[in-house]
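Participant: This is the structure I have questions about; it appears just below.
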Amino acid sequence: MFPLIIRIAIVLALFFLIDWYSFQAFKTVFPNQVWVKVLFWVFSVSVYIFVTYGFLFFDRSSNNNINLGRMVSLLVLSLIPKLIILGLMFGEDIIRFLTGTFQSVTGTREGDFLPDRRKFISQTALALSAIPFWASYMEY
(Lines give C-alpha, C1' and ligand atoms only; values in the text may rest on other atoms or scores of the structure.)
Protein backbone atom coordinates (compact mmCIF):
# COMPACT_ATOMS: atom_id res chain seq x y z
CA MET A 1 0.00 0.00 0.00
CA PHE A 2 2.87 2.38 0.76
CA PRO A 3 4.24 2.51 -2.82
CA LEU A 4 0.71 3.22 -4.08
CA ILE A 5 0.47 6.21 -1.76
CA ILE A 6 3.83 7.51 -2.97
CA ARG A 7 2.76 7.16 -6.60
CA ILE A 8 -0.52 8.95 -5.91
CA ALA A 9 1.35 11.72 -4.07
CA ILE A 10 3.74 12.18 -7.02
CA VAL A 11 0.88 12.36 -9.52
CA LEU A 12 -1.05 14.80 -7.32
CA ALA A 13 2.09 16.94 -6.91
CA LEU A 14 2.50 17.03 -10.69
CA PHE A 15 -1.15 18.02 -11.09
CA PHE A 16 -0.71 20.70 -8.42
CA LEU A 17 2.26 22.16 -10.32
CA ILE A 18 0.18 22.24 -13.52
CA ASP A 19 -2.61 23.96 -11.60
CA TRP A 20 -0.26 26.44 -9.96
CA TYR A 21 1.26 27.40 -13.29
CA SER A 22 -2.10 27.81 -15.02
CA PHE A 23 -3.36 29.74 -11.99
CA GLN A 24 -0.82 32.45 -12.85
CA ALA A 25 -2.95 33.33 -15.91
CA PHE A 26 -6.01 33.73 -13.68
CA LYS A 27 -4.04 35.97 -11.30
CA THR A 28 -2.97 38.18 -14.19
CA VAL A 29 -6.39 38.47 -15.85
CA PHE A 30 -8.46 38.71 -12.64
CA PRO A 31 -6.23 40.57 -10.17
CA ASN A 32 -9.05 41.86 -7.93
CA GLN A 33 -11.67 39.10 -8.23
CA VAL A 34 -10.92 36.84 -5.28
CA TRP A 35 -13.96 34.67 -5.99
CA VAL A 36 -12.52 33.62 -9.39
CA LYS A 37 -9.28 32.52 -7.75
CA VAL A 38 -11.10 30.63 -5.00
CA LEU A 39 -13.41 28.98 -7.53
CA PHE A 40 -10.39 27.85 -9.57
CA TRP A 41 -8.84 26.09 -6.57
CA VAL A 42 -12.13 24.65 -5.29
CA PHE A 43 -12.84 23.14 -8.71
CA SER A 44 -9.33 21.73 -9.11
CA VAL A 45 -9.10 20.23 -5.64
CA SER A 46 -12.62 18.79 -5.92
CA VAL A 47 -11.78 17.06 -9.19
CA TYR A 48 -8.59 15.56 -7.78
CA ILE A 49 -10.30 14.37 -4.60
CA PHE A 50 -13.13 12.80 -6.61
CA VAL A 51 -10.79 11.05 -9.05
CA THR A 52 -8.38 9.88 -6.32
CA TYR A 53 -11.24 8.50 -4.26
CA GLY A 54 -12.68 6.79 -7.33
CA PHE A 55 -9.40 5.12 -8.22
CA LEU A 56 -8.66 4.04 -4.67
CA PHE A 57 -12.05 2.41 -4.20
CA PHE A 58 -12.67 1.19 -7.74
CA ASP A 59 -14.03 -2.35 -7.81
CA ARG A 60 -12.82 -4.23 -10.88
CA SER A 61 -15.12 -7.15 -10.23
CA SER A 62 -18.28 -5.12 -10.72
CA ASN A 63 -19.66 -3.88 -14.01
CA ASN A 64 -19.19 -0.27 -13.02
CA ASN A 65 -17.08 0.93 -15.97
CA ILE A 66 -19.35 3.94 -16.48
CA ASN A 67 -18.09 5.56 -13.29
CA LEU A 68 -14.47 4.95 -14.27
CA GLY A 69 -15.16 6.57 -17.63
CA ARG A 70 -16.72 9.57 -15.91
CA MET A 71 -13.75 9.95 -13.59
CA VAL A 72 -11.25 9.85 -16.44
CA SER A 73 -13.38 12.22 -18.52
CA LEU A 74 -13.60 14.70 -15.68
CA LEU A 75 -9.86 14.54 -15.13
CA VAL A 76 -9.08 15.03 -18.82
CA LEU A 77 -11.65 17.81 -19.13
CA SER A 78 -10.01 19.67 -16.27
CA LEU A 79 -6.41 19.04 -17.41
CA ILE A 80 -6.60 19.83 -21.13
CA PRO A 81 -7.40 23.55 -20.66
CA LYS A 82 -4.69 23.83 -18.00
CA LEU A 83 -2.14 22.23 -20.32
CA ILE A 84 -3.09 24.71 -23.06
CA ILE A 85 -2.58 27.56 -20.60
CA LEU A 86 0.69 26.00 -19.44
CA GLY A 87 2.03 25.81 -23.00
CA LEU A 88 1.31 29.45 -23.78
CA MET A 89 2.44 30.77 -20.41
CA PHE A 90 5.65 28.72 -20.46
CA GLY A 91 6.41 30.04 -23.95
CA GLU A 92 5.89 33.58 -22.68
CA ASP A 93 8.11 32.89 -19.66
CA ILE A 94 10.92 31.78 -21.97
CA ILE A 95 10.57 35.03 -23.92
CA ARG A 96 10.44 37.04 -20.66
CA PHE A 97 13.61 35.31 -19.44
CA LEU A 98 15.45 35.94 -22.72
CA THR A 99 14.29 39.57 -22.76
CA GLY A 100 15.38 40.07 -19.16
CA THR A 101 18.74 38.47 -19.87
CA PHE A 102 19.30 40.61 -22.97
CA GLN A 103 18.29 43.81 -21.18
CA SER A 104 20.54 42.98 -18.22
CA VAL A 105 23.53 42.24 -20.45
CA THR A 106 23.05 45.40 -22.54
CA GLY A 107 22.36 47.53 -19.47
CA THR A 108 18.97 48.77 -20.67
CA ARG A 109 17.00 47.04 -17.88
CA GLU A 110 15.65 49.11 -15.02
CA GLY A 111 14.05 47.41 -12.05
CA ASP A 112 13.33 43.68 -11.83
CA PHE A 113 15.19 41.16 -13.93
CA LEU A 114 12.05 39.76 -15.58
CA PRO A 115 9.62 42.00 -17.44
CA ASP A 116 6.02 41.95 -16.24
CA ARG A 117 3.72 39.23 -17.49
CA ARG A 118 1.67 40.43 -20.43
CA LYS A 119 -2.05 40.50 -19.69
CA PHE A 120 -2.81 39.86 -23.36
CA ILE A 121 -0.98 36.51 -23.30
CA SER A 122 -2.88 35.45 -20.19
CA GLN A 123 -6.19 36.45 -21.76
CA THR A 124 -5.32 34.56 -24.94
CA ALA A 125 -4.34 31.48 -22.94
CA LEU A 126 -7.64 31.53 -21.02
CA ALA A 127 -9.65 32.02 -24.22
CA LEU A 128 -7.88 29.15 -26.00
CA SER A 129 -8.29 26.90 -22.99
CA ALA A 130 -12.06 27.41 -23.15
CA ILE A 131 -12.24 25.88 -26.65
CA PRO A 132 -12.55 22.24 -25.43
CA PHE A 133 -15.51 23.24 -23.24
CA TRP A 134 -17.13 25.14 -26.10
CA ALA A 135 -16.52 22.25 -28.53
CA SER A 136 -18.03 19.69 -26.16
CA TYR A 137 -21.03 21.96 -25.63
CA MET A 138 -21.57 22.37 -29.38
CA GLU A 139 -21.81 18.59 -29.89
CA TYR A 140 -25.07 18.40 -27.97
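Please note that chains go A, B, ... in the order of the C-alpha coordinates, that every chain numbers its residues from 1, and that ligands are numbered from 1 in the order shown.
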Using backbone DSSP assignments, extract all alpha helix (DSSP H) residues from stretch 1-116 of chain A; output them as an mmCIF file with N, CA, C and O atoms, in the first residue's frame.
Facilitator:
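Printed below is states-v7.cif as written:
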```cif
data_model
loop_
_atom_site.group_PDB
_atom_site.id
_atom_site.type_symbol
_atom_site.label_atom_id
_atom_site.label_comp_id
_atom_site.auth_asym_id
_atom_site.auth_seq_id
_atom_site.Cartn_x
_atom_site.Cartn_y
_atom_site.Cartn_z
ATOM 1 N N PHE A 2 2.007 1.201 0.671
ATOM 2 C CA PHE A 2 2.866 2.383 0.759
ATOM 3 C C PHE A 2 3.344 2.883 -0.597
ATOM 4 O O PHE A 2 3.290 4.078 -0.865
ATOM 5 N N PRO A 3 3.822 2.006 -1.506
ATOM 6 C CA PRO A 3 4.239 2.511 -2.816
ATOM 7 C C PRO A 3 3.082 3.144 -3.597
ATOM 8 O O PRO A 3 3.291 4.089 -4.339
ATOM 9 N N LEU A 4 1.865 2.632 -3.409
ATOM 10 C CA LEU A 4 0.711 3.220 -4.083
ATOM 11 C C LEU A 4 0.482 4.647 -3.604
ATOM 12 O O LEU A 4 0.224 5.547 -4.403
ATOM 13 N N ILE A 5 0.644 4.868 -2.313
ATOM 14 C CA ILE A 5 0.469 6.210 -1.757
ATOM 15 C C ILE A 5 1.534 7.159 -2.293
ATOM 16 O O ILE A 5 1.252 8.313 -2.618
ATOM 17 N N ILE A 6 2.746 6.676 -2.428
ATOM 18 C CA ILE A 6 3.826 7.507 -2.969
ATOM 19 C C ILE A 6 3.539 7.862 -4.425
ATOM 20 O O ILE A 6 3.698 9.012 -4.839
ATOM 21 N N ARG A 7 3.085 6.888 -5.194
ATOM 22 C CA ARG A 7 2.756 7.164 -6.600
ATOM 23 C C ARG A 7 1.620 8.168 -6.712
ATOM 24 O O ARG A 7 1.660 9.067 -7.548
ATOM 25 N N ILE A 8 0.602 8.005 -5.894
ATOM 26 C CA ILE A 8 -0.523 8.949 -5.914
ATOM 27 C C ILE A 8 -0.042 10.339 -5.513
ATOM 28 O O ILE A 8 -0.430 11.340 -6.126
ATOM 29 N N ALA A 9 0.834 10.424 -4.517
ATOM 30 C CA ALA A 9 1.353 11.716 -4.073
ATOM 31 C C ALA A 9 2.164 12.389 -5.183
ATOM 32 O O ALA A 9 2.061 13.609 -5.377
ATOM 33 N N ILE A 10 2.955 11.614 -5.921
ATOM 34 C CA ILE A 10 3.744 12.180 -7.017
ATOM 35 C C ILE A 10 2.833 12.705 -8.119
ATOM 36 O O ILE A 10 3.030 13.806 -8.636
ATOM 37 N N VAL A 11 1.814 11.933 -8.473
ATOM 38 C CA VAL A 11 0.876 12.362 -9.519
ATOM 39 C C VAL A 11 0.123 13.607 -9.074
ATOM 40 O O VAL A 11 -0.037 14.563 -9.842
ATOM 41 N N LEU A 12 -0.337 13.624 -7.829
ATOM 42 C CA LEU A 12 -1.052 14.797 -7.324
ATOM 43 C C LEU A 12 -0.135 16.020 -7.259
ATOM 44 O O LEU A 12 -0.574 17.138 -7.530
ATOM 45 N N ALA A 13 1.136 15.820 -6.921
ATOM 46 C CA ALA A 13 2.088 16.937 -6.908
ATOM 47 C C ALA A 13 2.298 17.483 -8.317
ATOM 48 O O ALA A 13 2.358 18.706 -8.521
ATOM 49 N N LEU A 14 2.374 16.603 -9.298
ATOM 50 C CA LEU A 14 2.503 17.035 -10.692
ATOM 51 C C LEU A 14 1.263 17.820 -11.121
ATOM 52 O O LEU A 14 1.372 18.886 -11.744
ATOM 53 N N PHE A 15 0.090 17.315 -10.762
ATOM 54 C CA PHE A 15 -1.152 18.023 -11.087
ATOM 55 C C PHE A 15 -1.203 19.379 -10.387
ATOM 56 O O PHE A 15 -1.665 20.366 -10.962
ATOM 57 N N PHE A 16 -0.731 19.436 -9.132
ATOM 58 C CA PHE A 16 -0.712 20.703 -8.421
ATOM 59 C C PHE A 16 0.199 21.707 -9.120
ATOM 60 O O PHE A 16 -0.137 22.896 -9.230
ATOM 61 N N LEU A 17 1.359 21.257 -9.600
ATOM 62 C CA LEU A 17 2.263 22.162 -10.324
ATOM 63 C C LEU A 17 1.621 22.678 -11.604
ATOM 64 O O LEU A 17 1.765 23.858 -11.951
ATOM 65 N N ILE A 18 0.901 21.812 -12.314
ATOM 66 C CA ILE A 18 0.182 22.242 -13.519
ATOM 67 C C ILE A 18 -0.865 23.282 -13.137
ATOM 68 O O ILE A 18 -1.015 24.310 -13.807
ATOM 69 N N ASP A 19 -1.596 23.022 -12.054
ATOM 70 C CA ASP A 19 -2.610 23.964 -11.599
ATOM 71 C C ASP A 19 -1.990 25.288 -11.180
ATOM 72 O O ASP A 19 -2.504 26.358 -11.508
ATOM 73 N N TRP A 20 -0.896 25.218 -10.431
ATOM 74 C CA TRP A 20 -0.263 26.441 -9.961
ATOM 75 C C TRP A 20 0.215 27.292 -11.134
ATOM 76 O O TRP A 20 0.035 28.508 -11.137
ATOM 77 N N TYR A 21 0.764 26.655 -12.134
ATOM 78 C CA TYR A 21 1.265 27.400 -13.290
ATOM 79 C C TYR A 21 0.112 28.002 -14.084
ATOM 80 O O TYR A 21 0.185 29.150 -14.521
ATOM 81 N N SER A 22 -0.958 27.247 -14.279
ATOM 82 C CA SER A 22 -2.095 27.805 -15.015
ATOM 83 C C SER A 22 -2.832 28.851 -14.179
ATOM 84 O O SER A 22 -3.467 29.754 -14.727
ATOM 85 N N PHE A 23 -2.748 28.743 -12.861
ATOM 86 C CA PHE A 23 -3.361 29.742 -11.988
ATOM 87 C C PHE A 23 -2.736 31.121 -12.192
ATOM 88 O O PHE A 23 -3.395 32.143 -11.978
ATOM 89 N N GLN A 24 -1.496 31.167 -12.630
ATOM 90 C CA GLN A 24 -0.824 32.449 -12.854
ATOM 91 C C GLN A 24 -1.562 33.271 -13.910
ATOM 92 O O GLN A 24 -1.593 34.503 -13.835
ATOM 93 N N ALA A 25 -2.163 32.612 -14.896
ATOM 94 C CA ALA A 25 -2.951 33.331 -15.907
ATOM 95 C C ALA A 25 -4.191 33.944 -15.265
ATOM 96 O O ALA A 25 -4.562 35.079 -15.567
ATOM 97 N N PHE A 26 -4.827 33.203 -14.368
ATOM 98 C CA PHE A 26 -6.010 33.727 -13.677
ATOM 99 C C PHE A 26 -5.637 34.928 -12.802
ATOM 100 O O PHE A 26 -6.388 35.900 -12.724
ATOM 101 N N LYS A 27 -4.486 34.852 -12.137
ATOM 102 C CA LYS A 27 -4.043 35.973 -11.301
ATOM 103 C C LYS A 27 -3.793 37.221 -12.131
ATOM 104 O O LYS A 27 -4.060 38.325 -11.683
ATOM 105 N N THR A 28 -3.276 37.035 -13.335
ATOM 106 C CA THR A 28 -2.971 38.181 -14.190
ATOM 107 C C THR A 28 -4.243 38.798 -14.758
ATOM 108 O O THR A 28 -4.390 40.013 -14.786
ATOM 109 N N VAL A 29 -5.170 37.966 -15.206
ATOM 110 C CA VAL A 29 -6.386 38.470 -15.846
ATOM 111 C C VAL A 29 -7.394 38.985 -14.823
ATOM 112 O O VAL A 29 -8.088 39.973 -15.065
ATOM 113 N N VAL A 34 -11.336 37.942 -6.146
ATOM 114 C CA VAL A 34 -10.915 36.844 -5.284
ATOM 115 C C VAL A 34 -11.776 35.607 -5.524
ATOM 116 O O VAL A 34 -11.282 34.479 -5.497
ATOM 117 N N TRP A 35 -13.053 35.804 -5.819
ATOM 118 C CA TRP A 35 -13.960 34.666 -5.992
ATOM 119 C C TRP A 35 -13.549 33.804 -7.178
ATOM 120 O O TRP A 35 -13.725 32.591 -7.151
ATOM 121 N N VAL A 36 -12.978 34.403 -8.232
ATOM 122 C CA VAL A 36 -12.523 33.624 -9.393
ATOM 123 C C VAL A 36 -11.353 32.735 -8.980
ATOM 124 O O VAL A 36 -11.291 31.557 -9.356
ATOM 125 N N LYS A 37 -10.445 33.280 -8.198
ATOM 126 C CA LYS A 37 -9.283 32.516 -7.755
ATOM 127 C C LYS A 37 -9.696 31.378 -6.824
ATOM 128 O O LYS A 37 -9.194 30.257 -6.941
ATOM 129 N N VAL A 38 -10.618 31.671 -5.916
ATOM 130 C CA VAL A 38 -11.097 30.633 -5.002
ATOM 131 C C VAL A 38 -11.835 29.547 -5.776
ATOM 132 O O VAL A 38 -11.639 28.350 -5.526
ATOM 133 N N LEU A 39 -12.671 29.948 -6.719
ATOM 134 C CA LEU A 39 -13.413 28.978 -7.531
ATOM 135 C C LEU A 39 -12.471 28.082 -8.334
ATOM 136 O O LEU A 39 -12.708 26.878 -8.465
ATOM 137 N N PHE A 40 -11.390 28.643 -8.852
ATOM 138 C CA PHE A 40 -10.392 27.854 -9.575
ATOM 139 C C PHE A 40 -9.853 26.737 -8.688
ATOM 140 O O PHE A 40 -9.797 25.576 -9.088
ATOM 141 N N TRP A 41 -9.433 27.087 -7.466
ATOM 142 C CA TRP A 41 -8.843 26.089 -6.574
ATOM 143 C C TRP A 41 -9.874 25.107 -6.046
ATOM 144 O O TRP A 41 -9.572 23.917 -5.898
ATOM 145 N N VAL A 42 -11.085 25.564 -5.763
ATOM 146 C CA VAL A 42 -12.125 24.652 -5.290
ATOM 147 C C VAL A 42 -12.443 23.623 -6.362
ATOM 148 O O VAL A 42 -12.560 22.418 -6.082
ATOM 149 N N PHE A 43 -12.562 24.067 -7.613
ATOM 150 C CA PHE A 43 -12.835 23.136 -8.711
ATOM 151 C C PHE A 43 -11.700 22.133 -8.865
ATOM 152 O O PHE A 43 -11.937 20.919 -8.955
ATOM 153 N N SER A 44 -10.471 22.618 -8.897
ATOM 154 C CA SER A 44 -9.326 21.733 -9.112
ATOM 155 C C SER A 44 -9.187 20.701 -7.999
ATOM 156 O O SER A 44 -9.029 19.502 -8.255
ATOM 157 N N VAL A 45 -9.259 21.153 -6.769
ATOM 158 C CA VAL A 45 -9.097 20.233 -5.641
ATOM 159 C C VAL A 45 -10.252 19.234 -5.605
ATOM 160 O O VAL A 45 -10.046 18.048 -5.338
ATOM 161 N N SER A 46 -11.465 19.690 -5.902
ATOM 162 C CA SER A 46 -12.624 18.786 -5.919
ATOM 163 C C SER A 46 -12.465 17.687 -6.967
ATOM 164 O O SER A 46 -12.764 16.519 -6.704
ATOM 165 N N VAL A 47 -11.998 18.052 -8.140
ATOM 166 C CA VAL A 47 -11.784 17.060 -9.194
ATOM 167 C C VAL A 47 -10.751 16.030 -8.751
ATOM 168 O O VAL A 47 -10.954 14.820 -8.896
ATOM 169 N N TYR A 48 -9.642 16.486 -8.179
ATOM 170 C CA TYR A 48 -8.591 15.559 -7.780
ATOM 171 C C TYR A 48 -9.022 14.659 -6.628
ATOM 172 O O TYR A 48 -8.669 13.482 -6.597
ATOM 173 N N ILE A 49 -9.791 15.195 -5.690
ATOM 174 C CA ILE A 49 -10.305 14.367 -4.599
ATOM 175 C C ILE A 49 -11.267 13.314 -5.145
ATOM 176 O O ILE A 49 -11.182 12.138 -4.787
ATOM 177 N N PHE A 50 -12.164 13.722 -6.027
ATOM 178 C CA PHE A 50 -13.127 12.796 -6.605
ATOM 179 C C PHE A 50 -12.438 11.682 -7.390
ATOM 180 O O PHE A 50 -12.746 10.501 -7.233
ATOM 181 N N VAL A 51 -11.485 12.042 -8.222
ATOM 182 C CA VAL A 51 -10.786 11.049 -9.049
ATOM 183 C C VAL A 51 -9.916 10.138 -8.178
ATOM 184 O O VAL A 51 -9.898 8.915 -8.378
ATOM 185 N N THR A 52 -9.205 10.708 -7.212
ATOM 186 C CA THR A 52 -8.384 9.885 -6.320
ATOM 187 C C THR A 52 -9.243 8.911 -5.540
ATOM 188 O O THR A 52 -8.916 7.721 -5.437
ATOM 189 N N TYR A 53 -10.332 9.372 -4.993
ATOM 190 C CA TYR A 53 -11.243 8.504 -4.257
ATOM 191 C C TYR A 53 -11.781 7.400 -5.170
ATOM 192 O O TYR A 53 -11.831 6.230 -4.786
ATOM 193 N N GLY A 54 -12.156 7.775 -6.385
ATOM 194 C CA GLY A 54 -12.682 6.788 -7.327
ATOM 195 C C GLY A 54 -11.675 5.712 -7.683
ATOM 196 O O GLY A 54 -12.021 4.534 -7.775
ATOM 197 N N PHE A 55 -10.417 6.110 -7.881
ATOM 198 C CA PHE A 55 -9.396 5.120 -8.221
ATOM 199 C C PHE A 55 -9.013 4.247 -7.030
ATOM 200 O O PHE A 55 -8.722 3.067 -7.190
ATOM 201 N N LEU A 56 -9.013 4.828 -5.843
ATOM 202 C CA LEU A 56 -8.658 4.039 -4.669
ATOM 203 C C LEU A 56 -9.714 2.992 -4.332
ATOM 204 O O LEU A 56 -9.382 1.908 -3.861
ATOM 205 N N ASN A 65 -18.031 0.230 -15.112
ATOM 206 C CA ASN A 65 -17.079 0.929 -15.965
ATOM 207 C C ASN A 65 -17.542 2.332 -16.319
ATOM 208 O O ASN A 65 -16.744 3.166 -16.725
ATOM 209 N N ILE A 66 -18.837 2.600 -16.171
ATOM 210 C CA ILE A 66 -19.346 3.936 -16.484
ATOM 211 C C ILE A 66 -18.747 4.961 -15.536
ATOM 212 O O ILE A 66 -18.336 6.038 -15.959
ATOM 213 N N ASN A 67 -18.665 4.625 -14.252
ATOM 214 C CA ASN A 67 -18.088 5.564 -13.287
ATOM 215 C C ASN A 67 -16.606 5.804 -13.545
ATOM 216 O O ASN A 67 -16.125 6.912 -13.376
ATOM 217 N N LEU A 68 -15.881 4.773 -13.937
ATOM 218 C CA LEU A 68 -14.468 4.953 -14.271
ATOM 219 C C LEU A 68 -14.329 5.879 -15.473
ATOM 220 O O LEU A 68 -13.473 6.764 -15.488
ATOM 221 N N GLY A 69 -15.176 5.695 -16.466
ATOM 222 C CA GLY A 69 -15.157 6.574 -17.633
ATOM 223 C C GLY A 69 -15.462 8.016 -17.270
ATOM 224 O O GLY A 69 -14.858 8.950 -17.794
ATOM 225 N N ARG A 70 -16.386 8.214 -16.354
ATOM 226 C CA ARG A 70 -16.720 9.572 -15.913
ATOM 227 C C ARG A 70 -15.556 10.207 -15.157
ATOM 228 O O ARG A 70 -15.281 11.398 -15.324
ATOM 229 N N MET A 71 -14.896 9.424 -14.332
ATOM 230 C CA MET A 71 -13.755 9.952 -13.594
ATOM 231 C C MET A 71 -12.639 10.385 -14.540
ATOM 232 O O MET A 71 -12.088 11.475 -14.407
ATOM 233 N N VAL A 72 -12.325 9.529 -15.492
ATOM 234 C CA VAL A 72 -11.255 9.846 -16.440
ATOM 235 C C VAL A 72 -11.653 11.043 -17.304
ATOM 236 O O VAL A 72 -10.838 11.935 -17.562
ATOM 237 N N SER A 73 -12.907 11.088 -17.723
ATOM 238 C CA SER A 73 -13.378 12.223 -18.524
ATOM 239 C C SER A 73 -13.286 13.525 -17.751
ATOM 240 O O SER A 73 -12.859 14.551 -18.295
ATOM 241 N N LEU A 74 -13.674 13.502 -16.503
ATOM 242 C CA LEU A 74 -13.596 14.705 -15.682
ATOM 243 C C LEU A 74 -12.149 15.142 -15.505
ATOM 244 O O LEU A 74 -11.842 16.337 -15.600
ATOM 245 N N LEU A 75 -11.266 14.202 -15.285
ATOM 246 C CA LEU A 75 -9.856 14.536 -15.127
ATOM 247 C C LEU A 75 -9.288 15.142 -16.407
ATOM 248 O O LEU A 75 -8.612 16.173 -16.376
ATOM 249 N N VAL A 76 -9.581 14.524 -17.533
ATOM 250 C CA VAL A 76 -9.081 15.035 -18.816
ATOM 251 C C VAL A 76 -9.690 16.399 -19.123
ATOM 252 O O VAL A 76 -8.996 17.318 -19.566
ATOM 253 N N LEU A 77 -10.985 16.547 -18.857
ATOM 254 C CA LEU A 77 -11.655 17.812 -19.132
ATOM 255 C C LEU A 77 -11.103 18.944 -18.263
ATOM 256 O O LEU A 77 -11.097 20.099 -18.691
ATOM 257 N N SER A 78 -10.601 18.623 -17.096
ATOM 258 C CA SER A 78 -10.009 19.672 -16.267
ATOM 259 C C SER A 78 -8.540 19.904 -16.602
ATOM 260 O O SER A 78 -8.030 21.013 -16.412
ATOM 261 N N LEU A 79 -7.849 18.886 -17.114
ATOM 262 C CA LEU A 79 -6.413 19.041 -17.405
ATOM 263 C C LEU A 79 -6.106 19.650 -18.771
ATOM 264 O O LEU A 79 -5.136 20.404 -18.897
ATOM 265 N N ILE A 80 -6.891 19.336 -19.780
ATOM 266 C CA ILE A 80 -6.596 19.834 -21.134
ATOM 267 C C ILE A 80 -6.527 21.370 -21.175
ATOM 268 O O ILE A 80 -5.547 21.921 -21.693
ATOM 269 N N PRO A 81 -7.520 22.081 -20.648
ATOM 270 C CA PRO A 81 -7.397 23.550 -20.660
ATOM 271 C C PRO A 81 -6.173 24.047 -19.892
ATOM 272 O O PRO A 81 -5.518 25.006 -20.313
ATOM 273 N N LYS A 82 -5.852 23.402 -18.792
ATOM 274 C CA LYS A 82 -4.694 23.832 -18.004
ATOM 275 C C LYS A 82 -3.393 23.585 -18.758
ATOM 276 O O LYS A 82 -2.455 24.369 -18.649
ATOM 277 N N LEU A 83 -3.340 22.505 -19.521
ATOM 278 C CA LEU A 83 -2.138 22.235 -20.320
ATOM 279 C C LEU A 83 -2.004 23.232 -21.468
ATOM 280 O O LEU A 83 -0.886 23.603 -21.845
ATOM 281 N N ILE A 84 -3.132 23.676 -22.023
ATOM 282 C CA ILE A 84 -3.091 24.710 -23.063
ATOM 283 C C ILE A 84 -2.546 26.004 -22.462
ATOM 284 O O ILE A 84 -1.668 26.660 -23.039
ATOM 285 N N ILE A 85 -3.064 26.364 -21.295
ATOM 286 C CA ILE A 85 -2.578 27.562 -20.602
ATOM 287 C C ILE A 85 -1.093 27.414 -20.289
ATOM 288 O O ILE A 85 -0.308 28.336 -20.509
ATOM 289 N N LEU A 86 -0.704 26.243 -19.789
ATOM 290 C CA LEU A 86 0.688 25.996 -19.440
ATOM 291 C C LEU A 86 1.601 26.182 -20.644
ATOM 292 O O LEU A 86 2.657 26.815 -20.533
ATOM 293 N N GLY A 87 1.209 25.676 -21.798
ATOM 294 C CA GLY A 87 2.034 25.810 -22.996
ATOM 295 C C GLY A 87 2.247 27.257 -23.392
ATOM 296 O O GLY A 87 3.381 27.680 -23.677
ATOM 297 N N LEU A 88 1.175 28.037 -23.396
ATOM 298 C CA LEU A 88 1.305 29.451 -23.776
ATOM 299 C C LEU A 88 2.071 30.249 -22.726
ATOM 300 O O LEU A 88 2.924 31.081 -23.065
ATOM 301 N N MET A 89 1.781 30.001 -21.464
ATOM 302 C CA MET A 89 2.438 30.767 -20.411
ATOM 303 C C MET A 89 3.926 30.402 -20.304
ATOM 304 O O MET A 89 4.753 31.272 -20.057
ATOM 305 N N PHE A 90 4.249 29.127 -20.504
ATOM 306 C CA PHE A 90 5.652 28.723 -20.457
ATOM 307 C C PHE A 90 6.417 29.347 -21.624
ATOM 308 O O PHE A 90 7.559 29.795 -21.463
ATOM 309 N N GLY A 91 5.788 29.384 -22.800
ATOM 310 C CA GLY A 91 6.413 30.043 -23.948
ATOM 311 C C GLY A 91 6.676 31.517 -23.664
ATOM 312 O O GLY A 91 7.737 32.046 -23.986
ATOM 313 N N GLU A 92 5.696 32.167 -23.025
ATOM 314 C CA GLU A 92 5.888 33.576 -22.678
ATOM 315 C C GLU A 92 6.989 33.732 -21.627
ATOM 316 O O GLU A 92 7.777 34.686 -21.678
ATOM 317 N N ASP A 93 7.062 32.805 -20.685
ATOM 318 C CA ASP A 93 8.108 32.886 -19.664
ATOM 319 C C ASP A 93 9.497 32.736 -20.271
ATOM 320 O O ASP A 93 10.447 33.380 -19.820
ATOM 321 N N ILE A 94 9.638 31.909 -21.281
ATOM 322 C CA ILE A 94 10.925 31.781 -21.970
ATOM 323 C C ILE A 94 11.294 33.109 -22.631
ATOM 324 O O ILE A 94 12.428 33.580 -22.520
ATOM 325 N N ILE A 95 10.315 33.726 -23.279
ATOM 326 C CA ILE A 95 10.565 35.026 -23.915
ATOM 327 C C ILE A 95 10.888 36.087 -22.872
ATOM 328 O O ILE A 95 11.805 36.899 -23.062
ATOM 329 N N ARG A 96 10.169 36.085 -21.745
ATOM 330 C CA ARG A 96 10.444 37.039 -20.663
ATOM 331 C C ARG A 96 11.858 36.852 -20.117
ATOM 332 O O ARG A 96 12.568 37.821 -19.851
ATOM 333 N N PHE A 97 12.266 35.590 -19.960
ATOM 334 C CA PHE A 97 13.605 35.314 -19.444
ATOM 335 C C PHE A 97 14.670 35.793 -20.424
ATOM 336 O O PHE A 97 15.653 36.426 -20.027
ATOM 337 N N LEU A 98 14.474 35.498 -21.713
ATOM 338 C CA LEU A 98 15.448 35.942 -22.720
ATOM 339 C C LEU A 98 15.491 37.457 -22.808
ATOM 340 O O LEU A 98 16.578 38.050 -22.936
ATOM 341 N N THR A 99 14.345 38.101 -22.721
ATOM 342 C CA THR A 99 14.294 39.566 -22.760
ATOM 343 C C THR A 99 14.999 40.156 -21.542
ATOM 344 O O THR A 99 15.788 41.109 -21.665
ATOM 345 N N GLY A 100 14.724 39.593 -20.374
ATOM 346 C CA GLY A 100 15.384 40.072 -19.162
ATOM 347 C C GLY A 100 16.882 39.881 -19.216
ATOM 348 O O GLY A 100 17.650 40.756 -18.796
ATOM 349 N N THR A 101 17.311 38.737 -19.734
ATOM 350 C CA THR A 101 18.737 38.473 -19.865
ATOM 351 C C THR A 101 19.387 39.466 -20.828
ATOM 352 O O THR A 101 20.435 40.043 -20.529
ATOM 353 N N PHE A 102 18.748 39.679 -21.979
ATOM 354 C CA PHE A 102 19.296 40.609 -22.973
ATOM 355 C C PHE A 102 19.368 42.023 -22.406
ATOM 356 O O PHE A 102 20.389 42.706 -22.569
ATOM 357 N N GLN A 103 18.300 42.456 -21.733
ATOM 358 C CA GLN A 103 18.292 43.808 -21.183
ATOM 359 C C GLN A 103 19.304 43.965 -20.050
ATOM 360 O O GLN A 103 19.874 45.037 -19.881
ATOM 361 N N SER A 104 19.533 42.903 -19.289
ATOM 362 C CA SER A 104 20.538 42.981 -18.215
ATOM 363 C C SER A 104 21.947 43.043 -18.777
ATOM 364 O O SER A 104 22.805 43.767 -18.262
ATOM 365 N N VAL A 105 22.194 42.263 -19.842
ATOM 366 C CA VAL A 105 23.531 42.242 -20.448
ATOM 367 C C VAL A 105 23.822 43.573 -21.130
ATOM 368 O O VAL A 105 24.931 44.105 -21.032
ATOM 369 N N THR A 106 22.830 44.142 -21.817
ATOM 370 C CA THR A 106 23.053 45.399 -22.536
ATOM 371 C C THR A 106 22.946 46.611 -21.638
ATOM 372 O O THR A 106 23.290 47.717 -22.054
#
```
